[in-house]
$ cat start_24.pdb   # PDB, C-alpha atoms and all ligand atoms
ATOM      1  CA  MET O   1       6.457  -9.263 -26.418
ATOM      2  CA  LYS O   2       6.611  -7.632 -22.962
ATOM      3  CA  THR O   3       6.132  -9.823 -19.891
ATOM      4  CA  ILE O   4       5.751  -9.243 -16.153
ATOM      5  CA  LYS O   5       7.267 -11.525 -13.540
ATOM      6  CA  ILE O   6       4.422 -12.374 -11.196
ATOM      7  CA  ALA O   7       3.682 -14.608  -8.237
ATOM      8  CA  GLY O   8      -0.046 -14.794  -8.926
ATOM      9  CA  TYR O   9      -3.270 -12.880  -9.421
ATOM     10  CA  LYS O  10      -6.796 -12.612  -8.045
ATOM     11  CA  THR O  11      -9.663 -11.890 -10.405
ATOM     12  CA  LEU O  12     -11.745 -10.061  -7.779
ATOM     13  CA  SER O  13     -10.301  -8.363  -4.698
ATOM     14  CA  LEU O  14     -12.271  -6.101  -2.336
ATOM     15  CA  VAL O  15      -9.352  -5.046  -0.138
ATOM     16  CA  ASP O  16      -6.655  -3.620  -2.391
ATOM     17  CA  VAL O  17      -8.195  -0.320  -3.545
ATOM     18  CA  LEU O  18     -10.301   1.434  -0.919
ATOM     19  CA  GLU O  19     -14.024   1.125  -1.733
ATOM     20  CA  HIS O  20     -13.401  -0.381  -5.192
ATOM     21  CA  PRO O  21     -13.238  -3.971  -6.517
ATOM     22  CA  SER O  22     -10.041  -4.746  -8.398
ATOM     23  CA  PHE O  23      -8.258  -7.376 -10.433
ATOM     24  CA  THR O  24      -5.017  -7.701  -8.453
ATOM     25  CA  ILE O  25      -1.637  -8.980  -9.638
ATOM     26  CA  TRP O  26       1.309  -9.753  -7.342
ATOM     27  CA  THR O  27       4.677  -8.924  -8.912
ATOM     28  CA  THR O  28       7.824 -10.499  -7.479
ATOM     29  CA  GLY O  29      10.952  -8.930  -5.967
ATOM     30  CA  CYS O  30      11.493  -5.992  -3.629
ATOM     31  CA  ASN O  31      14.352  -3.583  -2.922
ATOM     32  CA  LEU O  32      13.581  -3.360   0.835
ATOM     33  CA  LYS O  33      13.887  -6.046   3.512
ATOM     34  CA  CYS O  34      11.143  -5.279   6.029
ATOM     35  CA  PRO O  35      11.569  -7.920   8.784
ATOM     36  CA  TRP O  36       7.798  -7.999   9.388
ATOM     37  CA  CYS O  37       6.891  -8.416   5.683
ATOM     38  CA  SER O  38       4.192 -11.055   5.253
ATOM     39  CA  ASN O  39       4.698 -11.419   1.501
ATOM     40  CA  THR O  40       8.133 -13.042   1.756
ATOM     41  CA  PRO O  41       7.475 -15.836  -0.785
ATOM     42  CA  VAL O  42       6.313 -13.183  -3.288
ATOM     43  CA  VAL O  43       9.340 -10.984  -2.588
ATOM     44  CA  GLU O  44      11.681 -13.959  -2.996
ATOM     45  CA  GLY O  45      10.031 -14.974  -6.259
ATOM     46  CA  LYS O  46       9.000 -18.460  -5.147
ATOM     47  CA  ASN O  47       6.817 -20.048  -7.845
ATOM     48  CA  ALA O  48       7.311 -16.954 -10.031
ATOM     49  CA  ARG O  49       6.316 -17.041 -13.676
ATOM     50  CA  HIS O  50       6.146 -14.631 -16.556
ATOM     51  CA  ILE O  51       2.829 -13.464 -17.921
ATOM     52  CA  THR O  52       2.496 -11.566 -21.187
ATOM     53  CA  LEU O  53       0.611  -8.288 -21.367
ATOM     54  CA  GLU O  54      -1.755  -9.939 -23.864
ATOM     55  CA  GLU O  55      -2.582 -12.622 -21.272
ATOM     56  CA  VAL O  56      -3.315  -9.941 -18.657
ATOM     57  CA  LEU O  57      -5.622  -8.121 -21.084
ATOM     58  CA  GLU O  58      -7.470 -11.332 -21.853
ATOM     59  CA  LEU O  59      -8.016 -11.983 -18.128
ATOM     60  CA  LEU O  60      -9.179  -8.394 -17.614
ATOM     61  CA  ARG O  61     -11.718  -8.673 -20.424
ATOM     62  CA  ASP O  62     -13.244 -11.681 -18.609
ATOM     63  CA  SER O  63     -13.475  -9.794 -15.277
ATOM     64  CA  GLN O  64     -14.096  -6.222 -16.298
ATOM     65  CA  LYS O  65     -17.829  -6.176 -15.559
ATOM     66  CA  LEU O  66     -17.075  -6.887 -11.886
ATOM     67  CA  ILE O  67     -14.122  -4.591 -11.271
ATOM     68  CA  ASP O  68     -13.212  -0.900 -11.335
ATOM     69  CA  TYR O  69      -9.405  -1.184 -11.214
ATOM     70  CA  LEU O  70      -6.434  -3.180 -12.372
ATOM     71  CA  HIS O  71      -4.265  -3.139  -9.239
ATOM     72  CA  ILE O  72      -0.606  -4.188  -9.070
ATOM     73  CA  THR O  73       0.953  -5.152  -5.759
ATOM     74  CA  GLY O  74       4.014  -7.118  -4.704
ATOM     75  CA  GLY O  75       6.741  -7.186  -3.775
ATOM     76  CA  GLU O  76       7.592  -3.789  -5.216
ATOM     77  CA  PRO O  77       5.736  -3.281  -8.525
ATOM     78  CA  THR O  78       7.838  -0.304  -9.641
ATOM     79  CA  LEU O  79      10.854  -2.617 -10.100
ATOM     80  CA  GLN O  80       9.066  -3.629 -13.326
ATOM     81  CA  HIS O  81       7.863  -0.161 -14.247
ATOM     82  CA  GLN O  82       8.723  -0.410 -17.954
ATOM     83  CA  ALA O  83       6.336  -3.301 -18.481
ATOM     84  CA  LEU O  84       3.761  -1.647 -16.219
ATOM     85  CA  VAL O  85       3.817   1.589 -18.226
ATOM     86  CA  THR O  86       3.002  -0.386 -21.378
ATOM     87  CA  LEU O  87       0.355  -2.425 -19.533
ATOM     88  CA  PHE O  88      -1.346   0.660 -18.029
ATOM     89  CA  GLN O  89      -1.263   2.483 -21.384
ATOM     90  CA  THR O  90      -2.868  -0.504 -23.091
ATOM     91  CA  VAL O  91      -5.476  -1.011 -20.361
ATOM     92  CA  LYS O  92      -6.506   2.637 -20.656
ATOM     93  CA  ALA O  93      -6.694   2.410 -24.443
ATOM     94  CA  GLU O  94      -8.610  -0.864 -24.598
ATOM     95  CA  THR O  95     -10.836  -1.004 -21.487
ATOM     96  CA  ASN O  96     -12.731   1.377 -19.215
ATOM     97  CA  LEU O  97     -10.778   0.249 -16.164
ATOM     98  CA  ARG O  98      -8.723   2.486 -13.896
ATOM     99  CA  THR O  99      -5.143   1.637 -12.926
ATOM    100  CA  SER O 100      -3.509   1.344  -9.530
ATOM    101  CA  TYR O 101      -0.415   0.074  -7.754
ATOM    102  CA  ASP O 102       1.164  -0.225  -4.303
ATOM    103  CA  THR O 103       4.654   1.107  -3.722
ATOM    104  CA  ASN O 104       7.249   1.800  -1.050
ATOM    105  CA  ALA O 105       7.969   4.978  -3.106
ATOM    106  CA  SER O 106      11.741   4.454  -3.132
ATOM    107  CA  ILE O 107      12.097   4.467  -6.942
ATOM    108  CA  PRO O 108      10.943   8.002  -7.903
ATOM    109  CA  GLU O 109      11.995   7.652 -11.565
ATOM    110  CA  ALA O 110       9.560   4.746 -11.933
ATOM    111  CA  ILE O 111       6.720   6.659 -10.258
ATOM    112  CA  GLU O 112       7.320   9.604 -12.613
ATOM    113  CA  LYS O 113       7.081   7.322 -15.647
ATOM    114  CA  LEU O 114       3.928   5.607 -14.381
ATOM    115  CA  ARG O 115       2.249   8.838 -13.257
ATOM    116  CA  PRO O 116       0.450   9.779 -16.544
ATOM    117  CA  TYR O 117      -1.220   6.356 -16.755
ATOM    118  CA  THR O 118      -2.131   5.853 -13.071
ATOM    119  CA  ASP O 119      -5.398   6.648 -11.264
ATOM    120  CA  HIS O 120      -4.628   5.372  -7.772
ATOM    121  CA  VAL O 121      -1.403   4.819  -5.827
ATOM    122  CA  ALA O 122      -1.069   3.339  -2.346
ATOM    123  CA  ILE O 123       2.200   4.482  -0.752
ATOM    124  CA  ASP O 124       3.627   2.875   2.375
ATOM    125  CA  ILE O 125       5.152   5.349   4.801
ATOM    126  CA  LYS O 126       6.657   2.763   7.092
ATOM    127  CA  ALA O 127       7.882   5.123   9.846
ATOM    128  CA  PRO O 128       8.221   8.897  10.356
ATOM    129  CA  LEU O 129      10.390  10.231   7.519
ATOM    130  CA  SER O 130      12.376  12.276  10.074
ATOM    131  CA  LYS O 131      13.449   9.194  12.066
ATOM    132  CA  ILE O 132      16.230   7.418  10.180
ATOM    133  CA  SER O 133      17.001   4.755  12.756
ATOM    134  CA  LYS O 134      13.316   3.835  13.181
ATOM    135  CA  TYR O 135      12.826   3.737   9.388
ATOM    136  CA  ALA O 136      15.930   1.531   9.129
ATOM    137  CA  ARG O 137      14.417  -0.949  11.593
ATOM    138  CA  ALA O 138      11.099  -0.911   9.743
ATOM    139  CA  VAL O 139      12.644  -1.620   6.326
ATOM    140  CA  GLY O 140      15.543  -3.857   7.434
ATOM    141  CA  LEU O 141      18.347  -1.749   5.936
ATOM    142  CA  PRO O 142      21.488  -0.179   7.471
ATOM    143  CA  GLU O 143      20.962   3.408   8.665
ATOM    144  CA  LYS O 144      23.335   4.959   6.109
ATOM    145  CA  ARG O 145      21.498   3.353   3.228
ATOM    146  CA  THR O 146      18.133   4.173   4.826
ATOM    147  CA  ALA O 147      18.979   7.900   4.926
ATOM    148  CA  LYS O 148      19.438   7.810   1.131
ATOM    149  CA  THR O 149      16.316   5.671   0.732
ATOM    150  CA  ILE O 150      14.224   8.198   2.708
ATOM    151  CA  GLU O 151      15.358  10.982   0.352
ATOM    152  CA  LYS O 152      14.274   8.819  -2.567
ATOM    153  CA  ILE O 153      10.931   8.113  -0.860
ATOM    154  CA  LYS O 154      10.302  11.854  -0.444
ATOM    155  CA  GLN O 155      11.007  12.307  -4.174
ATOM    156  CA  GLY O 156       8.776   9.329  -4.941
ATOM    157  CA  ILE O 157       5.869  10.801  -2.960
ATOM    158  CA  LYS O 158       6.281  14.152  -4.729
ATOM    159  CA  ALA O 159       6.240  12.370  -8.088
ATOM    160  CA  ALA O 160       2.895  10.776  -7.151
ATOM    161  CA  LEU O 161       1.178  13.931  -5.886
ATOM    162  CA  ASP O 162      -0.783  14.545  -9.098
ATOM    163  CA  THR O 163      -2.415  11.109  -8.888
ATOM    164  CA  PRO O 164      -6.214  11.476  -8.659
ATOM    165  CA  PHE O 165      -6.555   9.077  -5.703
ATOM    166  CA  LEU O 166      -3.628   8.851  -3.289
ATOM    167  CA  GLU O 167      -3.588   6.473  -0.377
ATOM    168  CA  PHE O 168      -0.912   6.446   2.337
ATOM    169  CA  ARG O 169      -0.527   3.432   4.600
ATOM    170  CA  THR O 170       1.385   2.597   7.777
ATOM    171  CA  THR O 171       1.470  -0.746   9.582
ATOM    172  CA  MET O 172       1.721  -0.563  13.378
ATOM    173  CA  VAL O 173       4.620  -3.016  13.723
ATOM    174  CA  PRO O 174       5.086  -4.053  17.384
ATOM    175  CA  GLY O 175       8.138  -2.485  19.010
ATOM    176  CA  ILE O 176       8.703  -0.105  16.080
ATOM    177  CA  ILE O 177       5.607   1.972  15.314
ATOM    178  CA  GLU O 178       3.697   3.568  18.178
ATOM    179  CA  LYS O 179       0.831   6.059  18.366
ATOM    180  CA  LYS O 180       3.222   9.029  18.432
ATOM    181  CA  ASP O 181       4.774   7.828  15.151
ATOM    182  CA  ILE O 182       1.329   7.566  13.552
ATOM    183  CA  ILE O 183       0.571  11.133  14.651
ATOM    184  CA  GLU O 184       3.823  12.362  13.108
ATOM    185  CA  ILE O 185       3.189  10.477   9.855
ATOM    186  CA  SER O 186      -0.384  11.808   9.711
ATOM    187  CA  LYS O 187       1.014  15.365   9.852
ATOM    188  CA  THR O 188       3.321  14.520   6.947
ATOM    189  CA  VAL O 189       0.370  13.085   5.001
ATOM    190  CA  ALA O 190      -1.652  16.257   5.664
ATOM    191  CA  GLU O 191       1.252  18.394   4.382
ATOM    192  CA  TYR O 192       1.421  16.342   1.190
ATOM    193  CA  ALA O 193      -2.384  16.583   0.839
ATOM    194  CA  THR O 194      -2.311  20.383   0.936
ATOM    195  CA  ASN O 195      -2.865  21.904  -2.515
ATOM    196  CA  ARG O 196      -3.633  18.516  -4.041
ATOM    197  CA  ASN O 197      -6.700  18.326  -6.250
ATOM    198  CA  GLY O 198      -7.366  14.627  -5.775
ATOM    199  CA  ARG O 199      -8.568  12.536  -2.863
ATOM    200  CA  THR O 200      -6.036  11.721  -0.114
ATOM    201  CA  VAL O 201      -6.564   9.064   2.549
ATOM    202  CA  TYR O 202      -4.405   7.686   5.362
ATOM    203  CA  ILE O 203      -4.861   4.039   6.424
ATOM    204  CA  ILE O 204      -3.377   2.701   9.663
ATOM    205  CA  GLN O 205      -2.966  -1.063   9.505
ATOM    206  CA  GLN O 206      -2.734  -3.725  12.178
ATOM    207  CA  PHE O 207       0.328  -5.990  12.131
ATOM    208  CA  ILE O 208      -0.639  -9.696  11.850
ATOM    209  CA  PRO O 209       1.957 -12.419  12.640
ATOM    210  CA  TYR O 210       1.445 -14.583   9.549
ATOM    211  CA  GLN O 211       3.643 -17.653   9.182
ATOM    212  CA  ASN O 212       5.239 -16.198   6.042
ATOM    213  CA  VAL O 213       6.661 -13.197   7.905
ATOM    214  CA  ARG O 214      10.329 -12.782   6.979
ATOM    215  CA  ASP O 215      11.899 -12.540  10.470
ATOM    216  CA  PRO O 216      10.871 -15.465  12.759
ATOM    217  CA  LYS O 217      10.894 -13.032  15.688
ATOM    218  CA  TYR O 218       7.802 -11.347  14.239
ATOM    219  CA  ARG O 219       6.037 -14.660  13.629
ATOM    220  CA  SER O 220       5.708 -15.103  17.389
ATOM    221  CA  GLU O 221       4.648 -11.490  18.036
ATOM    222  CA  LYS O 222       1.025 -10.749  18.833
ATOM    223  CA  ALA O 223      -1.181  -8.868  16.379
ATOM    224  CA  THR O 224      -1.372  -5.159  17.166
ATOM    225  CA  PRO O 225      -4.361  -4.830  19.544
ATOM    226  CA  ILE O 226      -7.349  -3.266  17.794
ATOM    227  CA  GLN O 227      -7.714  -0.700  20.612
ATOM    228  CA  LYS O 228      -4.179   0.509  19.926
ATOM    229  CA  VAL O 229      -4.872   0.873  16.204
ATOM    230  CA  LEU O 230      -8.176   2.636  16.915
ATOM    231  CA  GLU O 231      -6.616   5.074  19.380
ATOM    232  CA  ALA O 232      -3.816   5.889  16.919
ATOM    233  CA  GLY O 233      -6.457   6.408  14.218
ATOM    234  CA  ARG O 234      -8.464   8.782  16.422
ATOM    235  CA  GLN O 235      -5.376  10.820  17.266
ATOM    236  CA  ALA O 236      -4.325  10.946  13.612
ATOM    237  CA  SER O 237      -7.806  12.108  12.653
ATOM    238  CA  LYS O 238      -7.656  14.890  15.275
ATOM    239  CA  THR O 239      -4.185  15.939  14.137
ATOM    240  CA  ALA O 240      -4.436  15.866  10.367
ATOM    241  CA  ASP O 241      -7.171  17.151   8.089
ATOM    242  CA  VAL O 242      -7.345  14.069   5.846
ATOM    243  CA  GLU O 243      -9.623  11.025   5.678
ATOM    244  CA  VAL O 244      -8.270   8.509   8.216
ATOM    245  CA  TYR O 245      -9.073   4.782   8.225
ATOM    246  CA  ILE O 246      -7.997   1.802  10.281
ATOM    247  CA  ARG O 247      -7.652  -1.705   8.890
ATOM    248  CA  THR O 248      -7.780  -4.685  11.268
ATOM    249  CA  ILE O 249      -8.546  -8.360  10.919
ATOM    250  CA  GLU O 250     -11.425  -8.039  13.379
ATOM    251  CA  THR O 251     -13.296  -5.244  11.662
ATOM    252  CA  GLY O 252     -11.999  -4.859   8.109
ATOM    253  CA  THR O 253     -11.475  -1.266   6.970
ATOM    254  CA  GLN O 254     -13.186   1.488   8.954
ATOM    255  CA  ARG O 255     -13.337   5.241   8.545
ATOM    256  CA  ILE O 256     -12.457   7.207  11.662
ATOM    257  CA  PRO O 257     -14.971  10.043  11.713
ATOM    258  CA  PRO O 258     -13.366  13.494  11.850
ATOM    259  CA  PRO O 259     -13.292  15.069  15.349
ATOM    260  CA  ASN O 260     -16.233  17.421  14.733
ATOM    261  CA  ASN O 261     -18.464  14.485  13.791
ATOM    262  CA  LYS O 262     -21.025  13.631  16.505
ATOM    263  CA  HIS O 263     -20.359   9.918  15.886
ATOM    264  CA  GLN O 264     -16.660  10.301  16.583
ATOM    265  CA  ASN O 265     -16.538   7.462  19.112
ATOM    266  CA  THR O 266     -17.638   4.962  16.529
ATOM    267  CA  ALA O 267     -16.033   3.848  13.315
ATOM    268  CA  GLU O 268     -17.788   3.338  10.038
ATOM    269  CA  SER O 269     -17.202   0.032   8.254
ATOM    270  CA  ILE O 270     -16.157   0.338   4.616
ATOM    271  CA  ASN O 271     -15.088  -3.074   3.421
ATOM    272  CA  THR O 272     -17.294  -5.992   4.303
ATOM    273  CA  PRO O 273     -14.538  -8.644   4.303
ATOM    274  CA  THR O 274     -13.220  -9.248   7.794
ATOM    275  CA  THR O 275      -9.737 -10.035   6.637
ATOM    276  CA  ILE O 276      -6.961  -7.802   5.402
ATOM    277  CA  THR O 277      -4.978 -10.680   3.993
ATOM    278  CA  ARG O 278      -4.524 -10.701   0.296
ATOM    279  CA  GLU O 279      -5.354 -14.055  -1.180
ATOM    280  CA  LYS O 280      -2.016 -15.794  -1.247
ATOM    281  CA  ALA O 281      -0.525 -15.613  -4.659
TER
HETATM  282  S1  LIG O 301       6.616  -4.987   3.274
HETATM  283 FE1  LIG O 301       6.568  -4.234   1.150
HETATM  284  S2  LIG O 301       8.408  -2.962   0.965
HETATM  285 FE2  LIG O 301       8.702  -4.239   2.759
HETATM  286  S3  LIG O 301       9.839  -6.066   2.032
HETATM  287 FE3  LIG O 301       7.615  -6.554   1.973
HETATM  288  S4  LIG O 301       6.991  -6.065  -0.104
HETATM  289 FE4  LIG O 301       8.961  -5.015   0.231
END

$ encode --input "start_24.pdb" --output "structure tokens" --more "lines below"
Ligand code: SF4
Amino acid sequence: MKTIKIAGYKTLSLVDVLEHPSFTIWTTGCNLKCPWCSNTPVVEGKNARHITLEEVLELLRDSQKLIDYLHITGGEPTLQHQALVTLFQTVKAETNLRTSYDTNASIPEAIEKLRPYTDHVAIDIKAPLSKISKYARAVGLPEKRTAKTIEKIKQGIKAALDTPFLEFRTTMVPGIIEKKDIIEISKTVAEYATNRNGRTVYIIQQFIPYQNVRDPKYRSEKATPIQKVLEAGRQASKTADVEVYIRTIETGTQRIPPPNNKHQNTAESINTPTTITREKA
């Protein structure tokens, strides 16, 4: 009987898949060490337990009238891709739900295996892929190892390009990610979006200094000011021909209207919840 090592689950989440309610599971463990990571207890496997695929299916049957997706987050879900492939296959065979996961994209072999059974992927691009030292700071790895990791991430993104709904995300971590980085990443996202058949969105997220953040230095940082996130979002929207959103604790998730839209100085609210925190697992 296959099991997944999880930290917890939430039967109804409105913030994990853009515009869709999901049943969300937090898997434990991660292969990166982002110093600003707010899911440290999940990554470290505190209070972890194993859940069988049959148990997940039973929970999904109870919730499926309220949700569109089964969403897997972490930690890094692709570390358990073998169990997830079986889970996604079974969910598709036995329910009408769609499947989704978050990933740092650094395990391309796992993304390839999951690809045929996945409807939505949210990929973190944590810094411009051309800037090794900045990426190294964002993911907490030595530069030499980060250079190899970035090559894997590029392969991972390519492996996900056939996914019907592809979401890219960047968190504006203080002292690491500035507006110019967001503009560069948005160009990369637009390049990946070219010739894709599915929907592609780019979400720029505010950093929040939660008490669970891995590096104490970031616990005493201030949240990224909403104006800074908004300005980066506007510039990204002008630069790249993809749907751009910002996500902040003050306003939830908002679409940045494209530059030719007469309402371009406003932002359109998508998710009603005013928090971006996932319910703690
Ligand atoms: S932010 Fe994501 S990729 Fe980075 S350590 Fe946390 S779970 Fe892993």

$ atom_distance --input "start_24.pdb" --atom1 "CA of Phe168 (chain O)" --atom2 "CA of Pro225 (chain O)"
20.9 Å

$ closest_residue --input "start_24.pdb" --among "O:Arg137, O:Lys180, O:Lys144, O:His120" --to "ligand LIG 301 (chain O)" --atoms "all atoms listed in the file"
O:Arg137

$ axis_aligned_box --input "start_24.pdb" --around "region 117-127 of chain O" --padding-each-side "5 Å" --output "JSON"
{"center_x": 1.2, "center_y": 4.7, "center_z": -3.5, "size_x": 23.3, "size_y": 13.9, "size_z": 36.6}

$ closest_residue --input "start_24.pdb" --among "O:Tyr117, O:Leu66, O:Glu109, O:Phe165" --to "Ala93 (chain O)" --atoms "only C-alpha atoms"
O:Tyr117

$ residues_around --input "start_24.pdb" --residues "Val229 (chain O)" --least-positions-apart "6" --cutoff "7 Å" --atoms "all atoms listed in the file" --output "number ranges by chain"
O: 204, 206, 246

$ closest_atom_pairs --input "start_24.pdb" --of "chain O" --to "ligand LIG 301 (chain O)" --cutoff "12 Å" --atoms "all atoms listed in the file" --output "CSV"
residue,atom,partner,partner_atom,distance
O:Trp26,CA,O:LIG301,S4,9.9
O:Thr27,CA,O:LIG301,S4,9.5
O:Thr28,CA,O:LIG301,S4,8.6
O:Gly29,CA,O:LIG301,FE4,7.6
O:Cys30,CA,O:LIG301,FE4,4.7
O:Asn31,CA,O:LIG301,FE4,6.4
O:Leu32,CA,O:LIG301,S3,4.8
O:Lys33,CA,O:LIG301,S3,4.3
O:Cys34,CA,O:LIG301,FE2,4.2
O:Pro35,CA,O:LIG301,S3,7.2
O:Trp36,CA,O:LIG301,S1,6.9
O:Cys37,CA,O:LIG301,S1,4.2
O:Ser38,CA,O:LIG301,FE3,6.5
O:Asn39,CA,O:LIG301,FE3,5.7
O:Thr40,CA,O:LIG301,FE3,6.5
O:Pro41,CA,O:LIG301,FE3,9.7
O:Val42,CA,O:LIG301,S4,7.8
O:Val43,CA,O:LIG301,S4,6.0
O:Glu44,CA,O:LIG301,S3,9.5
O:Gly45,CA,O:LIG301,S4,11.2
O:Ile72,CA,O:LIG301,S4,11.9
O:Thr73,CA,O:LIG301,S4,8.3
O:Gly74,CA,O:LIG301,S4,5.6
O:Gly75,CA,O:LIG301,S4,3.8
O:Glu76,CA,O:LIG301,S4,5.6
O:Pro77,CA,O:LIG301,S4,9.0
O:Thr78,CA,O:LIG301,S2,10.9
O:Leu79,CA,O:LIG301,FE4,10.8
O:Asp102,CA,O:LIG301,FE1,8.7
O:Thr103,CA,O:LIG301,S2,7.3
O:Asn104,CA,O:LIG301,S2,5.3
O:Ala105,CA,O:LIG301,S2,8.9
O:Ser106,CA,O:LIG301,S2,9.1
O:Ile107,CA,O:LIG301,S2,11.5
O:Ala122,CA,O:LIG301,FE1,11.3
O:Ile123,CA,O:LIG301,S2,9.8
O:Asp124,CA,O:LIG301,S2,7.7
O:Ile125,CA,O:LIG301,S2,9.7
O:Lys126,CA,O:LIG301,FE2,8.5
O:Ala127,CA,O:LIG301,FE2,11.8
O:Tyr135,CA,O:LIG301,FE2,11.2
O:Ala136,CA,O:LIG301,FE2,11.2
O:Arg137,CA,O:LIG301,FE2,11.0
O:Ala138,CA,O:LIG301,FE2,8.1
O:Val139,CA,O:LIG301,FE2,5.9
O:Gly140,CA,O:LIG301,S3,8.2
O:Leu141,CA,O:LIG301,S3,10.3
O:Thr149,CA,O:LIG301,S2,11.7
O:Ile153,CA,O:LIG301,S2,11.5
O:Arg169,CA,O:LIG301,FE1,11.0
O:Thr170,CA,O:LIG301,S1,10.3
O:Thr171,CA,O:LIG301,S1,9.2
O:Val173,CA,O:LIG301,S1,10.8
O:Phe207,CA,O:LIG301,S1,10.9
O:Asn212,CA,O:LIG301,FE3,10.7
O:Val213,CA,O:LIG301,FE3,9.0
O:Arg214,CA,O:LIG301,S3,8.4
O:Asp215,CA,O:LIG301,S3,10.8

$ atom_distance --input "start_24.pdb" --atom1 "CA of Leu57 (chain O)" --atom2 "CA of Asp16 (chain O)"
19.3 Å

$ resolve_selection --input "start_24.pdb" --expression "the PyMOL selection byres (((chain O and resi 69) around 7) and not hetatm)" --output "compact mmCIF listing (two decimals) with C-alpha atoms, in the coordinates of the input"
# COMPACT_ATOMS: atom_id res chain seq x y z
CA PRO O 21 -13.24 -3.97 -6.52
CA SER O 22 -10.04 -4.75 -8.40
CA PHE O 23 -8.26 -7.38 -10.43
CA ILE O 67 -14.12 -4.59 -11.27
CA ASP O 68 -13.21 -0.90 -11.34
CA LEU O 70 -6.43 -3.18 -12.37
CA HIS O 71 -4.26 -3.14 -9.24
CA LEU O 97 -10.78 0.25 -16.16
CA ARG O 98 -8.72 2.49 -13.90
CA THR O 99 -5.14 1.64 -12.93
CA SER O 100 -3.51 1.34 -9.53

$ closest_residue --input "start_24.pdb" --among "O:Ile25, O:Leu53, O:Val15, O:Ile6" --to "Thr248 (chain O)" --atoms "all atoms listed in the file"
O:Val15
